[in-house]
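Q: What follows is run36.txt; its format and atoms are compact mmCIF, C-alpha atoms.
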```txt
# COMPACT_ATOMS: atom_id res chain seq x y z
CA THR A 24 21.80 93.20 -175.61
CA LYS A 25 23.70 95.69 -173.42
CA PRO A 26 21.78 98.89 -172.74
CA THR A 27 23.26 101.85 -174.46
CA ARG A 28 24.41 104.75 -172.29
CA PRO A 29 22.85 108.11 -173.01
CA SER A 30 25.24 110.44 -174.69
CA PRO A 31 26.72 113.05 -172.33
CA THR A 32 25.22 116.48 -172.41
CA PRO A 33 27.51 118.90 -174.25
CA ARG A 34 29.29 121.40 -172.03
CA SER A 35 27.67 124.35 -173.80
CA THR A 36 24.20 122.87 -173.19
CA ARG A 37 24.93 122.36 -169.49
CA ALA A 38 26.04 125.96 -169.19
CA ARG A 39 22.81 127.18 -170.76
CA MET A 40 20.82 124.97 -168.38
CA GLN A 41 22.63 126.45 -165.36
CA VAL A 42 21.99 129.99 -166.55
CA THR A 43 18.28 129.18 -167.04
CA ALA A 44 17.99 127.62 -163.58
CA SER A 45 19.71 130.62 -162.03
CA ALA A 46 17.34 133.00 -163.82
CA SER A 47 14.35 130.99 -162.54
CA ARG A 48 15.55 131.28 -158.97
CA THR A 49 16.02 135.02 -159.39
CA THR A 50 12.49 135.34 -160.75
CA ILE A 51 10.80 133.72 -157.74
CA ALA A 52 12.89 135.54 -155.12
CA PRO A 53 10.51 138.54 -154.83
CA ALA A 54 7.61 136.18 -154.12
CA LYS A 55 9.60 134.53 -151.34
CA VAL A 56 10.44 137.93 -149.86
CA ALA A 57 6.78 138.94 -149.97
CA ARG A 58 5.72 135.76 -148.17
CA ALA A 59 8.44 136.20 -145.56
CA THR A 60 7.38 139.80 -144.99
CA ARG A 61 3.75 138.78 -144.49
CA ARG A 62 4.80 136.10 -142.01
CA ALA A 63 6.95 138.61 -140.11
CA GLN A 64 4.07 141.05 -139.89
CA ARG A 65 1.88 138.38 -138.27
CA VAL A 66 4.41 137.64 -135.55
CA PRO A 67 3.72 139.52 -132.31
CA VAL A 68 6.58 141.81 -131.35
CA ALA A 69 8.02 141.58 -127.83
CA CYS A 70 10.99 143.28 -126.25
CA ARG A 71 12.26 140.98 -123.54
CA ALA A 72 14.78 141.50 -120.78
CA SER A 73 16.60 138.43 -122.13
CA SER A 74 16.86 139.82 -125.67
CA THR A 75 19.71 138.43 -127.77
CA ASP A 76 19.47 141.05 -130.53
CA ASP A 77 22.96 142.33 -131.41
CA ARG A 78 21.69 145.87 -131.16
CA ASP A 79 20.73 145.26 -127.52
CA VAL A 80 24.25 144.41 -126.34
CA GLY A 81 25.13 147.10 -123.80
CA THR A 82 21.68 148.65 -124.16
CA SER A 83 19.39 149.11 -121.17
CA PHE A 84 16.09 147.32 -120.96
CA ALA A 85 14.26 150.65 -120.95
CA ASP A 86 15.86 151.60 -124.28
CA ARG A 87 14.79 148.31 -125.82
CA CYS A 88 11.24 148.81 -124.59
CA ALA A 89 11.13 152.34 -125.92
CA ARG A 90 12.18 151.04 -129.32
CA LEU A 91 9.17 148.72 -129.27
CA ALA A 92 6.88 151.56 -128.26
CA ALA A 93 7.97 153.27 -131.47
CA SER A 94 6.60 150.24 -133.36
CA THR A 95 9.80 148.77 -134.77
CA VAL A 96 8.99 145.46 -136.42
CA THR A 97 12.35 143.72 -135.99
CA ALA A 98 11.32 140.52 -137.75
CA ALA A 99 10.39 142.40 -140.91
CA LEU A 100 13.90 143.83 -141.19
CA LEU A 101 15.10 140.40 -142.33
CA ALA A 102 12.82 140.37 -145.34
CA ALA A 103 11.86 143.95 -146.15
CA PRO A 104 13.60 145.57 -149.11
CA ILE A 105 15.55 148.79 -148.65
CA GLY A 106 13.34 151.66 -149.66
CA PRO A 107 10.22 153.52 -148.51
CA ALA A 108 8.96 150.52 -146.48
CA HIS A 109 12.12 150.70 -144.38
CA ALA A 110 11.29 154.22 -143.24
CA ARG A 111 8.24 152.87 -141.39
CA LEU A 112 10.57 151.04 -139.01
CA GLU A 113 12.33 154.17 -137.82
CA GLY A 114 11.92 155.25 -134.21
CA VAL A 115 9.55 158.07 -133.30
CA ASN A 116 9.97 160.52 -130.45
CA ASN A 117 6.97 162.82 -130.03
CA PRO A 118 6.83 164.05 -126.42
CA GLN A 119 4.34 166.70 -127.53
CA MET A 120 1.76 163.90 -127.87
CA LEU A 121 1.95 163.18 -124.13
CA PRO A 122 -0.79 164.80 -122.04
CA PRO A 123 0.21 167.44 -119.48
CA GLY A 124 0.05 166.76 -115.77
CA PRO A 125 0.75 163.53 -113.85
CA PRO A 126 1.50 160.45 -116.02
CA LEU A 127 -1.51 158.45 -117.14
CA GLU A 128 -1.31 154.66 -116.95
CA VAL A 129 -3.44 154.23 -120.09
CA LEU A 130 -2.69 156.37 -123.15
CA ASP A 131 -4.99 156.15 -126.15
CA VAL A 132 -3.67 158.39 -128.92
CA ALA A 133 -5.59 156.50 -131.61
CA GLY A 134 -9.14 156.67 -130.23
CA TYR A 135 -9.76 152.93 -129.82
CA LEU A 136 -11.13 153.18 -126.27
CA THR A 137 -14.16 154.98 -124.89
CA LYS A 138 -13.68 157.35 -121.95
CA GLY A 139 -15.49 154.90 -119.71
CA GLU A 140 -13.20 152.03 -120.72
CA ILE A 141 -10.09 154.14 -120.22
CA ALA A 142 -11.28 154.92 -116.69
CA ARG A 143 -12.00 151.24 -115.98
CA LEU A 144 -8.62 150.07 -117.31
CA THR A 145 -6.84 152.80 -115.36
CA THR A 146 -8.44 151.60 -112.12
CA GLU A 147 -7.56 148.00 -112.94
CA VAL A 148 -3.94 148.85 -113.70
CA ARG A 149 -3.55 150.95 -110.55
CA ASN A 150 -5.00 148.20 -108.36
CA LEU A 151 -2.66 145.68 -109.98
CA GLU A 152 0.38 147.81 -109.20
CA LYS A 153 -0.77 148.40 -105.62
CA ASP A 154 -1.37 144.69 -105.00
CA THR A 155 1.60 143.13 -106.84
CA GLY A 156 4.20 145.87 -107.34
CA TYR A 157 4.23 145.30 -111.12
CA LYS A 158 3.53 148.23 -113.42
CA LEU A 159 1.39 147.66 -116.51
CA ARG A 160 1.30 150.58 -118.90
CA VAL A 161 -0.92 150.69 -121.98
CA LEU A 162 -0.25 152.66 -125.17
CA ALA A 163 -2.91 152.45 -127.89
CA GLN A 164 -1.53 153.90 -131.10
CA ALA A 165 -1.58 153.79 -134.88
CA TYR A 166 1.99 154.17 -136.13
CA PRO A 167 3.42 156.75 -136.81
CA LYS A 168 0.90 158.60 -134.62
CA THR A 169 2.60 157.76 -131.33
CA PRO A 170 4.68 159.43 -128.62
CA GLY A 171 7.15 156.60 -129.23
CA LEU A 172 10.45 156.92 -127.39
CA ALA A 173 9.03 159.61 -125.12
CA VAL A 174 7.10 157.04 -123.04
CA LYS A 175 10.36 155.73 -121.54
CA ASP A 176 10.83 158.75 -119.30
CA TYR A 177 7.13 159.52 -119.06
CA TRP A 178 6.40 156.14 -117.43
CA ASN A 179 9.83 155.66 -115.84
CA VAL A 180 10.06 152.23 -117.45
CA ASP A 181 12.03 149.80 -115.28
CA ASP A 182 12.49 146.07 -114.64
CA ASP A 183 9.06 145.84 -112.96
CA THR A 184 7.26 147.34 -115.96
CA VAL A 185 5.32 145.78 -118.80
CA VAL A 186 4.67 148.19 -121.67
CA PHE A 187 1.66 147.03 -123.67
CA VAL A 188 1.59 148.61 -127.14
CA ALA A 189 -1.70 148.11 -128.96
CA ASP A 190 -1.24 148.85 -132.66
CA PRO A 191 -3.34 147.15 -135.38
CA SER A 192 -0.92 148.29 -138.09
CA LEU A 193 1.52 145.64 -136.86
CA GLY A 194 -0.92 142.86 -137.86
CA ASN A 195 -1.15 141.42 -134.34
CA ILE A 196 -2.48 144.23 -132.17
CA LEU A 197 -0.91 142.96 -128.92
CA ASN A 198 2.78 143.74 -128.42
CA PHE A 199 4.65 143.70 -125.12
CA SER A 200 7.86 144.94 -123.57
CA VAL A 201 8.58 142.75 -120.55
CA GLY A 202 10.77 143.92 -117.68
CA HIS A 203 13.47 141.66 -116.23
CA ASN A 204 11.74 141.03 -112.91
CA VAL A 205 8.46 140.23 -114.63
CA ASP A 206 10.33 137.96 -117.01
CA LEU A 207 11.50 135.88 -114.05
CA GLU A 208 7.93 135.33 -112.85
CA VAL A 209 5.89 135.01 -116.05
CA PRO A 210 6.78 132.33 -118.63
CA PRO A 211 7.49 133.63 -122.15
CA SER A 212 4.80 131.32 -123.53
CA PHE A 213 2.12 133.37 -121.77
CA TRP A 214 2.72 136.40 -123.98
CA THR A 215 2.67 134.25 -127.10
CA ARG A 216 -0.61 132.59 -126.14
CA LEU A 217 -2.14 135.91 -125.14
CA SER A 218 -1.26 137.48 -128.49
CA GLY A 219 -2.58 134.43 -130.29
CA LYS A 220 -5.91 134.57 -128.45
CA TYR A 221 -6.81 138.27 -128.46
CA GLY A 222 -4.33 139.91 -130.81
CA THR A 223 -4.88 138.32 -134.21
CA LYS A 224 -6.19 140.42 -137.06
CA PHE A 225 -9.25 138.20 -137.30
CA TYR A 226 -10.07 138.76 -133.63
CA TRP A 227 -9.76 142.53 -133.51
CA GLN A 228 -11.51 143.00 -136.84
CA GLU A 229 -14.42 140.88 -135.62
CA ASN A 230 -14.63 142.26 -132.06
CA GLY A 231 -12.97 145.65 -132.24
CA GLU A 232 -9.68 147.05 -130.94
CA GLU A 233 -11.22 147.85 -127.57
CA ALA A 234 -12.15 144.22 -126.95
CA SER A 235 -8.61 143.08 -127.74
CA ILE A 236 -7.07 145.65 -125.42
CA SER A 237 -9.52 145.14 -122.54
CA ASN A 238 -9.34 141.36 -122.62
CA ALA A 239 -5.54 141.45 -122.77
CA VAL A 240 -5.31 143.74 -119.74
CA SER A 241 -7.70 141.54 -117.77
CA ALA A 242 -5.74 138.41 -118.70
CA ILE A 243 -2.46 140.04 -117.60
CA ASP A 244 -4.10 141.15 -114.36
CA THR A 245 -5.22 137.61 -113.61
CA CYS A 246 -1.83 136.15 -114.54
CA PHE A 247 0.10 138.52 -112.26
CA ARG A 248 -2.15 137.70 -109.30
CA GLU A 249 -1.63 133.96 -109.48
CA GLU A 250 0.61 132.17 -107.00
CA PRO A 251 4.26 131.70 -108.06
CA GLY A 252 5.16 128.29 -109.41
CA LYS A 253 5.33 126.22 -112.54
CA LEU A 254 1.59 126.55 -113.15
CA LYS A 255 1.60 130.34 -112.97
CA CYS A 256 0.11 131.98 -116.08
CA GLN A 257 -0.20 128.66 -117.91
CA LYS A 258 -3.77 129.53 -118.85
CA VAL A 259 -4.91 132.69 -120.62
CA GLN A 260 -8.05 134.04 -119.00
CA GLY A 261 -11.19 134.02 -121.09
CA GLU A 262 -13.02 137.11 -122.24
CA LEU A 263 -13.79 139.58 -119.45
CA GLY A 264 -13.12 137.09 -116.69
CA GLU A 265 -15.02 133.99 -117.72
CA GLU A 266 -12.10 131.99 -116.30
CA PRO A 267 -11.28 133.50 -112.87
CA SER A 268 -7.80 133.62 -111.43
CA SER A 269 -6.61 130.80 -109.20
CA GLY A 270 -4.41 133.20 -107.26
CA LYS A 271 -4.96 134.50 -103.73
CA PHE A 272 -6.36 137.78 -105.02
CA GLY A 273 -9.09 136.01 -106.98
CA LYS A 274 -11.03 138.36 -109.25
CA ALA A 275 -10.07 141.49 -107.38
CA TRP A 276 -9.96 143.49 -110.60
CA PHE A 277 -13.74 143.10 -110.86
CA GLY A 278 -14.08 144.81 -107.49
CA SER A 279 -15.57 141.68 -105.93
```
Can you present the structure in this file as structure tokens?
A:
Amino acid sequence: TKPTRPSPTPRSTRARMQVTASASRTTIAPAKVARATRRAQRVPVACRASSTDDRDVGTSFADRCARLAASTVTAALLAAPIGPAHARLEGVNNPQMLPPGPPLEVLDVAGYLTKGEIARLTTEVRNLEKDTGYKLRVLAQAYPKTPGLAVKDYWNVDDDTVVFVADPSLGNILNFSVGHNVDLEVPPSFWTRLSGKYGTKFYWQENGEEASISNAVSAIDTCFREEPGKLKCQKVQGELGEEPSSGKFGKAWFGS
């Protein structure tokens, strides 16, 4: 006996099925947006000299770094809805939040660091600049409480500068603006591994913001002091120097 073919679905029924399927897709779209937004918030933000963002065409590196210092979460723009949440991504320019007098290498406008730790990090950063020529500048903030764009002129951000913005409200507390000359020496994977080791929400909630910031600065210090080559900065230093640098300066930042 020949098998009987199923009768074709009437055109009106197929139309109703298409409308239903379309409605289902529309219903789940907000959930997809929410998941995408959460993923974007977990991604560490970095302004790089080799940025390919359309907004950066014809824009100086310093301007791109200043935009990061204002805590713009570029990845979230792809998923965030237009509305109040979008206002959070606007740039901030508060020069009145900068302290008077000579520029400070470490600015803590959020109160994450003790006075003693600020002094220690300042010494470490100054020694790093004296020994290597690279400028590391640290801004600890809680957006929108930040000097934002004002740090560009305050620190004279250039191609030898790394601006380290520590902001827990971004999800990953470690965010970096990397100057062009630094970009040529330090592999991009270093910043990703560093953020993944000391910047995750789990880490800074368990150990505190100060531990994340201090360990990141020490790891950057060790990385910059290593000899040039393909193995430079391939390893992220352990907490407070448990894995010493292999570079010619050794553990100079410990004062030893």
Q: If you take all atoms listed in the file and a cut-off of 8 Å, which residues of segment 108-182 of chain A touch segment 235-256 of chain A, and what are their nearest atom pairs and distances in Å to one decimal, in chain and number order, as JSON lines?
A:
```
{"residue": "A:Leu144", "atom": "CA", "partner": "A:Ser237", "partner_atom": "CA", "distance": 7.2}
{"residue": "A:Glu147", "atom": "CA", "partner": "A:Asp244", "partner_atom": "CA", "distance": 7.8}
{"residue": "A:Val148", "atom": "CA", "partner": "A:Asp244", "partner_atom": "CA", "distance": 7.7}
{"residue": "A:Leu151", "atom": "CA", "partner": "A:Asp244", "partner_atom": "CA", "distance": 6.5}
{"residue": "A:Thr155", "atom": "CA", "partner": "A:Arg248", "partner_atom": "CA", "distance": 7.0}
```
Q: Give, as JSON, the centre coordinates and the x, y and z edge lengths in Å to one decimal for an axis-aligned box around all listed atoms of segment 151-170 of chain A, padded by 8 Å on each side.
A:
```
{"center_x": 0.9, "center_y": 151.3, "center_z": -120.9, "size_x": 23.6, "size_y": 32.3, "size_z": 47.8}
```
Q: If we count all atoms listed in the file and set the cut-off at 7 Å, which residues sit around Ala173 of chain A, ignoring sequence neighbours fewer than 4 positions away in its own chain? Please answer as a compact mmCIF listing (two decimals) with C-alpha atoms, keeping the file's coordinate frame.
A:
```txt
# COMPACT_ATOMS: atom_id res chain seq x y z
CA ASN A 116 9.97 160.52 -130.45
CA ASN A 117 6.97 162.82 -130.03
CA PRO A 118 6.83 164.05 -126.42
CA TYR A 177 7.13 159.52 -119.06
```
Q: Can you measure atom CA of Ala189 of chain A to atom CA of Gln164 of chain A for me? One decimal in Å is fine.
A: 6.2 Å
Q: Using all atoms listed in the file, which residues sit within 6 Å of segment 202-219 of chain A once same-chain residues fewer than 5 positions away are excluded, as number ranges by chain?
A: A: 72, 182-185, 197
Q: So how many Å separate atom CA of Lys168 of chain A and atom CA of Val180 of chain A, to one decimal?
A: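 Calculated distance between atom CA of Lys168 of chain A and atom CA of Val180 of chain A is 20.5 Å.
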Q: Between atom CA of Asn150 of chain A and atom CA of Asp176 of chain A, what is the spacing in Å?
A: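 Between these atoms lies a distance of 21.9 Å.
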